[in-house]
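Here is the file input-v1.txt (compact mmCIF, C-alpha atoms).
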# COMPACT_ATOMS: atom_id res chain seq x y z
CA MET A 16 121.83 97.74 76.31
CA ILE A 17 123.39 99.04 73.12
CA ASP A 18 127.14 99.01 73.01
CA HIS A 19 128.27 102.00 70.96
CA PRO A 20 129.84 104.54 73.25
CA ASP A 21 130.45 107.21 70.60
CA SER A 22 126.94 107.54 69.24
CA ASN A 23 124.77 110.37 70.50
CA SER A 24 121.33 110.03 72.01
CA ALA A 25 119.43 110.80 68.79
CA GLU A 26 121.09 107.86 67.07
CA VAL A 27 120.28 105.63 70.00
CA LEU A 28 116.64 106.69 69.95
CA ALA A 29 116.43 106.08 66.21
CA GLN A 30 117.92 102.63 66.65
CA MET A 31 115.54 101.83 69.44
CA ARG A 32 112.62 102.93 67.24
CA VAL A 33 111.34 105.48 69.73
CA SER A 34 108.90 107.63 67.75
CA ARG A 35 109.24 111.39 67.66
CA ARG A 36 105.87 111.67 69.32
CA ASP A 37 106.87 109.40 72.22
CA PHE A 38 110.15 111.20 72.59
CA LEU A 39 108.48 114.62 72.88
CA LYS A 40 105.90 113.20 75.26
CA PHE A 41 108.76 112.05 77.45
CA CYS A 42 110.42 115.49 77.27
CA THR A 43 107.14 117.12 78.31
CA LEU A 44 106.77 114.71 81.21
CA MET A 45 110.30 115.51 82.34
CA ALA A 46 109.64 119.26 82.14
CA GLY A 47 106.54 118.73 84.27
CA THR A 48 108.37 116.60 86.83
CA LEU A 49 111.12 119.21 87.10
CA ALA A 50 108.50 121.97 87.50
CA LEU A 51 109.80 123.69 84.37
CA PRO A 52 107.54 125.64 81.98
CA ALA A 53 106.43 124.04 78.71
CA SER A 54 108.71 126.45 76.87
CA MET A 55 111.64 124.37 78.16
CA VAL A 56 110.53 121.24 76.31
CA PRO A 57 112.45 122.07 73.09
CA LYS A 58 115.58 122.76 75.12
CA ILE A 59 115.27 119.41 76.88
CA ALA A 60 114.65 117.64 73.57
CA TYR A 61 117.66 119.34 72.01
CA ALA A 62 119.88 118.46 74.95
CA LEU A 63 118.78 114.82 74.98
CA GLU A 64 119.36 114.51 71.25
CA THR A 65 122.76 116.09 71.16
CA ALA A 66 124.29 115.42 74.57
CA LYS A 67 127.20 113.08 74.71
CA ARG A 68 126.13 110.06 76.65
CA PRO A 69 127.60 110.32 80.14
CA PRO A 70 129.28 107.13 81.33
CA VAL A 71 127.73 105.79 84.50
CA VAL A 72 128.94 103.30 87.04
CA TRP A 73 126.26 101.91 89.31
CA LEU A 74 127.68 100.64 92.58
CA GLU A 75 125.75 98.30 94.85
CA TYR A 76 126.81 97.80 98.44
CA GLN A 77 124.54 96.97 101.39
CA ASP A 78 121.48 97.00 99.18
CA CYS A 79 118.52 94.84 98.23
CA ALA A 80 118.55 95.74 94.49
CA GLY A 81 115.09 97.26 94.97
CA CYS A 82 116.28 100.57 93.50
CA THR A 83 117.73 98.65 90.55
CA GLU A 84 114.33 97.07 90.07
CA SER A 85 112.73 100.50 90.20
CA PHE A 86 115.30 101.74 87.66
CA LEU A 87 114.63 98.84 85.29
CA ARG A 88 110.93 99.54 85.42
CA ALA A 89 111.27 103.02 83.98
CA ASN A 90 108.79 103.68 81.23
CA GLN A 91 107.72 106.52 78.95
CA PRO A 92 109.75 105.37 76.96
CA THR A 93 111.15 102.35 78.74
CA ALA A 94 114.40 102.20 80.63
CA ALA A 95 115.99 100.17 77.89
CA GLU A 96 115.11 102.85 75.37
CA LEU A 97 115.97 105.95 77.29
CA VAL A 98 117.74 105.73 80.56
CA LEU A 99 120.00 102.82 79.83
CA ASP A 100 120.80 104.05 76.36
CA ILE A 101 121.04 107.78 76.83
CA LEU A 102 123.30 106.84 79.67
CA SER A 103 126.25 104.67 78.93
CA VAL A 104 126.01 102.29 81.87
CA ASN A 105 129.47 100.79 81.96
CA TYR A 106 129.19 98.94 85.23
CA HIS A 107 126.14 97.59 87.00
CA GLU A 108 126.57 94.26 88.74
CA THR A 109 122.94 93.20 88.56
CA ILE A 110 122.52 93.72 84.82
CA MET A 111 125.98 93.53 83.23
CA ALA A 112 127.11 90.46 81.30
CA PRO A 113 130.78 90.14 82.35
CA SER A 114 131.68 88.79 85.79
CA GLY A 115 134.83 88.78 87.87
CA LYS A 116 137.93 90.35 86.36
CA ARG A 117 136.19 91.33 83.13
CA ALA A 118 133.61 93.27 85.17
CA ASP A 119 136.42 94.95 87.08
CA LYS A 120 138.02 95.95 83.81
CA SER A 121 134.92 97.88 82.65
CA LEU A 122 135.02 99.75 85.93
CA GLU A 123 138.74 100.45 85.79
CA ASP A 124 138.54 101.72 82.20
CA THR A 125 135.70 104.09 83.07
CA VAL A 126 137.48 105.43 86.13
CA ARG A 127 140.68 105.96 84.16
CA GLU A 128 138.89 107.93 81.44
CA GLY A 129 137.05 110.12 84.00
CA GLY A 130 134.02 112.36 83.42
CA TYR A 131 131.61 109.73 84.69
CA LEU A 132 128.65 109.74 87.05
CA VAL A 133 128.49 107.38 90.00
CA VAL A 134 125.19 105.98 91.20
CA VAL A 135 125.30 104.37 94.62
CA GLU A 136 122.69 101.95 95.88
CA GLY A 137 122.96 100.57 99.41
CA ALA A 138 124.68 101.60 102.61
CA ILE A 139 128.40 101.48 103.32
CA PRO A 140 129.49 99.49 106.39
CA THR A 141 132.32 101.08 108.35
CA LYS A 142 132.71 98.74 111.33
CA ASP A 143 135.85 96.57 111.42
CA ASP A 144 137.35 98.51 108.52
CA GLY A 145 134.30 97.86 106.38
CA VAL A 146 134.66 94.07 106.01
CA TYR A 147 130.88 93.57 105.98
CA CYS A 148 130.68 94.36 102.28
CA CYS A 149 133.43 93.42 99.83
CA VAL A 150 133.56 93.28 96.06
CA GLY A 151 136.52 91.69 94.33
CA GLY A 152 138.35 91.42 97.63
CA ARG A 153 138.13 95.15 98.42
CA THR A 154 135.79 96.79 100.91
CA ALA A 155 132.87 98.96 99.81
CA LEU A 156 134.40 101.87 101.72
CA ASP A 157 137.72 101.55 99.92
CA LEU A 158 136.15 101.10 96.48
CA LEU A 159 133.67 103.94 96.89
CA GLN A 160 136.28 106.40 98.07
CA GLU A 161 138.41 105.65 95.03
CA ILE A 162 135.64 105.50 92.42
CA ALA A 163 133.55 108.41 93.69
CA GLY A 164 136.66 110.47 94.32
CA HIS A 165 137.25 110.78 90.56
CA ALA A 166 133.59 111.17 89.55
CA THR A 167 131.88 114.27 88.16
CA ALA A 168 129.00 113.75 90.58
CA VAL A 169 127.49 111.10 92.80
CA ILE A 170 123.79 110.24 92.75
CA THR A 171 122.61 108.18 95.69
CA VAL A 172 119.49 106.14 95.13
CA GLY A 173 117.30 104.85 97.94
CA ALA A 174 117.25 105.34 101.69
CA CYS A 175 120.32 103.16 102.33
CA ALA A 176 122.78 105.18 100.26
CA PHE A 177 121.14 108.36 101.59
CA TYR A 178 121.66 107.91 105.33
CA GLY A 179 122.25 104.19 105.87
CA GLY A 180 118.64 102.99 105.62
CA TRP A 181 117.61 99.81 107.31
CA PRO A 182 121.13 98.35 107.65
CA ALA A 183 121.83 101.44 109.79
CA THR A 184 118.78 100.91 112.01
CA THR A 185 119.47 100.58 115.73
CA PRO A 186 121.66 98.81 116.79
CA ASN A 187 123.33 99.25 113.37
CA PRO A 188 125.40 96.04 113.61
CA THR A 189 127.79 96.97 110.78
CA GLU A 190 127.94 100.72 111.48
CA ALA A 191 126.42 101.33 108.08
CA LYS A 192 126.48 104.88 106.76
CA GLY A 193 125.17 106.88 103.86
CA VAL A 194 127.39 108.13 101.05
CA LYS A 195 127.37 111.72 102.31
CA ASP A 196 129.01 110.54 105.53
CA VAL A 197 131.93 108.78 103.85
CA ILE A 198 132.58 110.79 100.67
CA PHE A 199 133.66 114.40 100.67
CA GLY A 200 134.63 116.91 98.02
CA VAL A 201 132.38 115.54 95.25
CA PRO A 202 128.89 116.90 94.45
CA ILE A 203 126.33 114.46 95.87
CA ILE A 204 122.63 114.45 95.13
CA ASN A 205 120.34 112.20 97.12
CA LEU A 206 117.25 110.50 95.74
CA PRO A 207 115.97 108.73 98.84
CA GLY A 208 112.89 106.56 99.05
CA CYS A 209 112.49 102.87 99.64
CA PRO A 210 112.94 102.32 96.75
CA MET A 211 113.73 105.52 94.89
CA ASN A 212 111.22 106.56 92.28
CA VAL A 213 112.69 106.12 88.81
CA ASP A 214 110.85 109.13 87.40
CA ASN A 215 112.81 111.34 89.80
CA PHE A 216 116.03 109.60 88.82
CA THR A 217 115.35 110.13 85.13
CA ALA A 218 114.35 113.76 85.71
CA THR A 219 117.58 114.40 87.65
CA LEU A 220 119.60 113.03 84.73
CA VAL A 221 117.59 115.03 82.22
CA HIS A 222 118.27 118.16 84.25
CA TYR A 223 121.96 117.30 84.29
CA LEU A 224 122.04 116.75 80.51
CA THR A 225 119.99 119.87 79.76
CA PHE A 226 121.63 122.38 82.07
CA GLY A 227 125.00 120.75 82.71
CA LYS A 228 124.47 120.72 86.46
CA LEU A 229 122.51 118.90 89.13
CA PRO A 230 119.13 120.35 90.20
CA ALA A 231 118.72 122.60 93.26
CA THR A 232 118.44 120.69 96.52
CA ASP A 233 117.24 121.13 100.08
CA ASP A 234 119.59 121.04 103.07
CA LEU A 235 119.61 117.23 102.95
CA GLY A 236 120.81 117.20 99.35
CA ARG A 237 117.46 116.09 97.95
CA PRO A 238 116.28 117.79 94.74
CA LEU A 239 113.54 120.30 95.47
CA PHE A 240 111.49 119.36 92.42
CA ALA A 241 110.89 115.94 93.97
CA TYR A 242 111.24 116.49 97.72
CA GLY A 243 110.06 120.07 98.09
CA ARG A 244 106.43 119.31 98.79
CA ARG A 245 104.74 117.69 101.76
CA ILE A 246 102.94 114.43 101.05
CA HIS A 247 100.02 115.52 103.23
CA ASP A 248 99.43 118.63 101.11
CA ASN A 249 99.02 116.65 97.90
CA CYS A 250 97.28 113.62 99.38
CA GLU A 251 94.02 112.52 97.85
CA ARG A 252 92.74 111.63 101.36
CA ARG A 253 93.46 115.12 102.68
CA GLY A 254 89.80 116.09 102.51
CA HIS A 255 89.01 113.34 104.99
CA PHE A 256 91.72 114.58 107.36
CA ASP A 257 90.29 118.07 107.20
CA ALA A 258 86.81 116.71 107.80
CA GLY A 259 87.97 114.64 110.77
CA GLU A 260 87.21 111.33 109.05
CA PHE A 261 89.83 108.83 110.14
CA VAL A 262 90.49 105.11 109.76
CA LYS A 263 90.57 103.75 113.34
CA GLU A 264 91.24 100.09 112.58
CA TRP A 265 92.36 98.15 109.52
CA GLY A 266 89.30 97.05 107.59
CA ASP A 267 86.83 99.26 109.42
CA GLU A 268 84.19 101.34 107.71
CA GLY A 269 86.49 104.32 107.29
CA HIS A 270 89.19 102.13 105.74
CA ARG A 271 86.70 100.72 103.28
CA LYS A 272 85.59 104.24 102.41
CA GLY A 273 89.12 105.50 101.85
CA TRP A 274 89.30 107.87 104.84
CA CYS A 275 92.46 109.45 106.24
CA LEU A 276 95.16 107.05 107.52
CA TYR A 277 96.78 109.53 109.92
CA GLN A 278 95.67 107.72 113.07
CA MET A 279 96.97 104.42 111.66
CA GLY A 280 100.46 105.90 111.60
CA CYS A 281 100.60 107.69 108.26
CA LYS A 282 103.65 109.98 108.19
CA GLY A 283 102.31 112.09 105.33
CA PRO A 284 102.14 115.27 107.44
CA VAL A 285 105.89 115.14 108.14
CA ALA A 286 107.17 113.58 104.91
CA PHE A 287 108.37 115.36 101.79
CA HIS A 288 108.15 113.56 98.47
CA ASN A 289 106.24 113.79 95.20
CA CYS A 290 104.75 110.32 95.66
CA PRO A 291 101.11 111.47 95.54
CA THR A 292 101.59 113.25 92.22
CA ILE A 293 103.96 111.06 90.17
CA ARG A 294 102.97 107.78 91.85
CA TRP A 295 104.42 104.36 91.02
CA ASN A 296 104.13 101.64 88.42
CA GLN A 297 103.51 103.97 85.51
CA GLY A 298 101.47 106.33 87.63
CA THR A 299 99.08 103.58 88.71
CA SER A 300 99.04 103.96 92.47
CA TRP A 301 101.00 104.83 95.59
CA PRO A 302 100.94 103.45 99.15
CA VAL A 303 98.22 105.73 100.52
CA ALA A 304 95.98 105.06 97.52
CA ALA A 305 96.53 101.35 98.15
CA GLY A 306 95.26 101.75 101.71
CA HIS A 307 98.41 101.95 103.85
CA GLY A 308 99.84 105.08 105.40
CA CYS A 309 103.08 106.70 104.29
CA ILE A 310 106.16 105.44 106.18
CA ALA A 311 108.24 108.55 105.30
CA CYS A 312 110.79 106.45 103.42
CA ALA A 313 112.50 109.54 101.99
CA SER A 314 113.25 110.95 105.47
CA PRO A 315 116.46 110.23 107.35
CA GLY A 316 116.07 107.73 110.20
CA PHE A 317 112.51 106.80 109.32
CA TRP A 318 112.94 103.17 110.46
CA GLU A 319 113.46 104.35 114.04
CA THR A 320 109.80 105.38 114.29
CA GLY A 321 107.18 102.66 114.16
CA ALA A 322 105.12 102.68 110.99
CA TYR A 323 102.09 102.19 113.25
CA GLU A 324 102.85 105.12 115.57
CA THR A 325 100.85 108.31 115.10
CA THR A 326 103.24 111.09 114.27
CA PRO A 327 103.06 114.42 116.07
CA ILE A 328 102.45 117.33 113.72
CA PHE A 329 104.94 120.06 114.48
CA ASP A 330 104.47 122.50 111.68
CA ALA A 331 100.96 122.27 110.40
CA THR A 332 99.98 123.61 107.05
CA PRO A 333 98.95 127.09 108.16
CA PRO A 334 95.24 127.09 108.95
CA THR A 335 95.23 130.83 108.32
CA ALA A 336 95.80 130.08 104.66
CA PHE A 337 92.30 128.67 104.42
CA PRO A 338 89.40 130.98 103.72
CA GLY A 339 87.23 131.88 106.66
CA VAL A 340 84.38 129.50 107.42
CA MET A 341 80.81 130.74 107.01
CA LEU A 342 78.66 130.12 110.06
CA ASN A 343 74.99 131.10 110.04
CA GLY A 344 75.70 133.35 107.12
CA GLU A 345 78.47 135.11 109.05
CA ALA A 346 82.19 134.77 108.23
CA VAL A 347 84.17 133.31 111.13
CA PRO A 348 87.96 133.54 111.14
CA LEU A 349 89.28 129.99 111.54
CA VAL A 350 91.91 130.64 114.19
CA SER A 351 90.10 132.71 116.77
CA ALA A 352 91.21 133.07 120.37
CA GLY A 353 90.86 129.85 122.33
CA VAL A 354 90.30 127.65 119.33
CA GLY A 355 93.99 127.23 118.61
CA VAL A 356 94.35 124.31 121.00
CA ALA A 357 91.42 122.47 119.50
CA VAL A 358 92.73 123.14 116.02
CA GLY A 359 96.09 121.72 117.07
CA VAL A 360 94.60 118.24 117.40
CA ALA A 361 94.21 118.00 113.67
CA ALA A 362 96.21 120.79 112.21
CA GLY A 363 94.73 122.58 109.28
CA VAL A 364 91.22 121.62 110.18
CA ILE A 365 88.50 123.13 108.09
CA GLY A 366 85.01 122.14 107.06
CA THR A 367 82.54 120.40 109.29
CA LEU A 368 84.97 119.61 112.10
CA ALA A 369 86.05 123.22 112.41
CA VAL A 370 82.49 124.41 112.29
CA GLU A 371 81.52 121.97 115.04
CA LYS A 372 84.32 123.17 117.26
CA LEU A 373 83.58 126.79 116.59
CA THR A 374 79.95 126.16 117.36
CA LYS A 375 80.80 124.46 120.66
CA LYS A 376 83.10 127.28 121.58
CA GLN A 377 80.43 129.82 120.95
CA GLU A 378 77.91 127.85 122.97
CA GLU A 379 80.25 127.64 125.99
CA MET B 30 148.97 71.92 86.79
CA ALA B 31 147.23 73.14 89.90
CA GLU B 32 145.83 76.64 90.18
CA LYS B 33 143.21 78.50 92.16
CA ILE B 34 140.88 80.92 90.41
CA TYR B 35 138.27 83.25 91.75
CA ILE B 36 135.29 85.05 90.24
CA ASP B 37 134.20 88.13 92.17
CA PRO B 38 131.85 89.88 91.61
CA ILE B 39 129.40 87.36 90.21
CA THR B 40 127.03 89.54 88.21
CA ARG B 41 123.33 89.29 87.31
CA ILE B 42 122.38 88.33 90.85
CA GLU B 43 121.11 90.38 93.76
CA GLY B 44 123.73 90.78 96.45
CA HIS B 45 127.38 89.94 96.48
CA LEU B 46 128.88 86.56 95.69
CA ARG B 47 132.42 85.25 95.30
CA ILE B 48 133.35 81.87 93.92
CA GLU B 49 136.78 80.32 94.34
CA ALA B 50 137.76 77.12 92.60
CA GLN B 51 140.72 74.78 92.87
CA ILE B 52 141.70 73.49 89.44
CA ASP B 53 143.99 70.50 88.95
CA ASP B 54 144.89 69.59 85.39
CA GLY B 55 141.88 71.38 83.98
CA VAL B 56 139.42 69.77 86.40
CA VAL B 57 137.70 71.62 89.24
CA THR B 58 138.54 69.56 92.32
CA ASP B 59 137.21 71.85 95.01
CA ALA B 60 135.16 75.05 95.16
CA TRP B 61 134.04 77.60 97.74
CA SER B 62 131.33 80.23 97.62
CA SER B 63 131.23 83.29 99.83
CA SER B 64 128.50 85.79 100.35
CA THR B 65 130.55 88.94 100.78
CA MET B 66 127.92 91.28 102.20
CA TRP B 67 126.14 91.18 105.55
CA ARG B 68 123.65 93.69 106.95
CA GLY B 69 122.60 92.06 110.21
CA LEU B 70 118.83 92.15 109.91
CA GLU B 71 118.69 89.18 112.32
CA ILE B 72 120.07 91.50 114.99
CA ILE B 73 118.12 94.59 113.95
CA VAL B 74 114.68 92.95 114.19
CA LYS B 75 115.32 91.30 117.56
CA GLY B 76 112.83 92.77 120.04
CA ARG B 77 111.30 95.05 117.42
CA ASP B 78 107.54 95.47 117.09
CA PRO B 79 106.17 92.94 114.58
CA ARG B 80 104.08 95.71 113.03
CA ASP B 81 107.41 97.10 111.77
CA VAL B 82 109.29 93.86 111.14
CA TRP B 83 107.14 92.90 108.16
CA LEU B 84 108.17 96.14 106.48
CA MET B 85 111.83 95.43 107.10
CA ALA B 86 111.73 91.73 106.19
CA GLN B 87 110.11 92.42 102.84
CA ARG B 88 113.16 94.55 102.02
CA ILE B 89 115.73 91.76 102.47
CA CYS B 90 115.75 91.37 98.71
CA GLY B 91 114.19 93.79 96.26
CA VAL B 92 114.37 91.57 93.19

Reformat the file's structure so that it appears as structure tokens.
Amino acid sequence: MIDHPDSNSAEVLAQMRVSRRDFLKFCTLMAGTLALPASMVPKIAYALETAKRPPVVWLEYQDCAGCTESFLRANQPTAAELVLDILSVNYHETIMAPSGKRADKSLEDTVREGGYLVVVEGAIPTKDDGVYCCVGGRTALDLLQEIAGHATAVITVGACAFYGGWPATTPNPTEAKGVKDVIFGVPIINLPGCPMNVDNFTATLVHYLTFGKLPATDDLGRPLFAYGRRIHDNCERRGHFDAGEFVKEWGDEGHRKGWCLYQMGCKGPVAFHNCPTIRWNQGTSWPVAAGHGCIACASPGFWETGAYETTPIFDATPPTAFPGVMLNGEAVPLVSAGVGVAVGVAAGVIGTLAVEKLTKKQEE
Amino acid sequence: MAEKIYIDPITRIEGHLRIEAQIDDGVVTDAWSSSTMWRGLEIIVKGRDPRDVWLMAQRICGV
């Protein structure tokens, strides 16, 4: 981390020897992640080069530091080059050098000066006046209310800071809560996931630096650019779902062939995240590609449903959006009378499965 | 001269740690460590399906 709070981002990038080409590549990637047109790339580049580095305090409460790990593994360019240095991270327990009172001082100075962003990782226990998480002799609840109360905005990272996460799972022994349930009157944006995906975190910050405000969110406070699309709709195994090809048992033929994991408990049809498109570990893979179903880690309360339980599909991707299926050279509308129930079994069914069912129906 | 010092938070670790030390004439004569955060996973996983517990247990520490 470079310690020069007054320098702007361009100076930081020059010091870190980030090439112009890499920098513009990063700006293009951010425009893509934010679903902005390519014409916005110069604006993003300009903003990142000229913006004053916003001070950030990163607070960890009932966490596992998994989101910190995700944050530190940012690339394109690396976290050290961009995120950590475009941001002025004044307080982050896992990575900062000072301990004890000297750490507290960094925090106090930042809070006194104001105009900072707060990132929260981990849930906040509220039982017994919040004694289940203390830092420097003060409870997480007390600290957060003071620090976030003076912040420009709060970004929650991970499922725990979003709604409580696994510490809040039944029976929730510490009455853990998410930030939105204990902090009021400050803009909060949630980047859930277990852990959060650093590309979404970076894109949120880039949006903030470019437009001076947080990106548009859904009713759960999650940015639409990252949580606006259903996993199922962008899944590379979707074709197998539509064709009725399912993994029935771990290691079976279907599993070896990369078939759909829905019957093994995949929550893709009810989960909203850009996992399938931005992926993890520098775009290498994501859980479904690795052979395990989605556990809906960006949805509130996801731990309450077994990862192995098949999820009911309430609002299927509309089958009517698919083109009609050709049968014996004749176009057949997919949702014809009486087929709706059969279609409901595997919503959005097209291809061979649909044709089989339609054929059976016609034979009856 | 006897004094008691404390260091909290201890940084560059995962989780929350507090160290207190008793110092007599410049020598540490006694010390205490406290883990100042508890989530209760031991209680949460009790009776839970093992096909879920592995997912939870792997998230005890993310480092």

Polymer residues at most 9 Å from (126.6, 100.9, 95.6) by only C-alpha atoms, as a PyMOL selection string
chain A and resi 73-78+133-139+155+159+171-172+176

Proximal residues of chain B relative to chain A (all atoms listed in the file; 8 Å) as an mmCIF file with C-alpha atoms, in the coordinates of the input:
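Output contents, as saved in part-v9.cif:
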data_model
loop_
_atom_site.group_PDB
_atom_site.id
_atom_site.type_symbol
_atom_site.label_atom_id
_atom_site.label_comp_id
_atom_site.auth_asym_id
_atom_site.auth_seq_id
_atom_site.Cartn_x
_atom_site.Cartn_y
_atom_site.Cartn_z
ATOM 1 C CA TYR B 35 138.270 83.250 91.750
ATOM 2 C CA ILE B 36 135.290 85.050 90.240
ATOM 3 C CA ASP B 37 134.200 88.130 92.170
ATOM 4 C CA PRO B 38 131.850 89.880 91.610
ATOM 5 C CA ILE B 39 129.400 87.360 90.210
ATOM 6 C CA THR B 40 127.030 89.540 88.210
ATOM 7 C CA ARG B 41 123.330 89.290 87.310
ATOM 8 C CA ILE B 42 122.380 88.330 90.850
ATOM 9 C CA GLU B 43 121.110 90.380 93.760
ATOM 10 C CA GLY B 44 123.730 90.780 96.450
ATOM 11 C CA HIS B 45 127.380 89.940 96.480
ATOM 12 C CA ARG B 47 132.420 85.250 95.300
ATOM 13 C CA THR B 65 130.550 88.940 100.780
ATOM 14 C CA MET B 66 127.920 91.280 102.200
ATOM 15 C CA TRP B 67 126.140 91.180 105.550
ATOM 16 C CA ARG B 68 123.650 93.690 106.950
ATOM 17 C CA GLY B 69 122.600 92.060 110.210
ATOM 18 C CA LEU B 70 118.830 92.150 109.910
ATOM 19 C CA ILE B 72 120.070 91.500 114.990
ATOM 20 C CA ILE B 73 118.120 94.590 113.950
ATOM 21 C CA ASP B 78 107.540 95.470 117.090
ATOM 22 C CA ARG B 80 104.080 95.710 113.030
ATOM 23 C CA ASP B 81 107.410 97.100 111.770
ATOM 24 C CA MET B 85 111.830 95.430 107.100
ATOM 25 C CA ARG B 88 113.160 94.550 102.020
ATOM 26 C CA ILE B 89 115.730 91.760 102.470
ATOM 27 C CA CYS B 90 115.750 91.370 98.710
ATOM 28 C CA GLY B 91 114.190 93.790 96.260
ATOM 29 C CA VAL B 92 114.370 91.570 93.190
#

Please enclose the listed atoms of segment 172-179 of chain A in an axis-aligned box, pad each side by 8 Å, and write out the centre and the three edge lengths in Å, rounded to one decimal, as lines of an AutoDock Vina configuration file.
center_x = 120.0
center_y = 105.8
center_z = 100.5
size_x = 21.5
size_y = 21.2
size_z = 26.7

Show me, as a list in words, the residues that have an atom within 12 Å of Asp233 of chain A when counting only C-alpha atoms, minus same-chain residues fewer than 2 positions from it.
Ile204, Asn205, Leu206, Pro230, Ala231, Leu235, Gly236, Arg237, Pro238, Leu239, Phe240, Ala241, Tyr242, Gly243, Arg244, Phe287 and His288 of chain A

What does the distance between atom CA of Met279 of chain A and atom CA of Asn215 of chain A come to in Å, to one decimal place?
27.9 Å
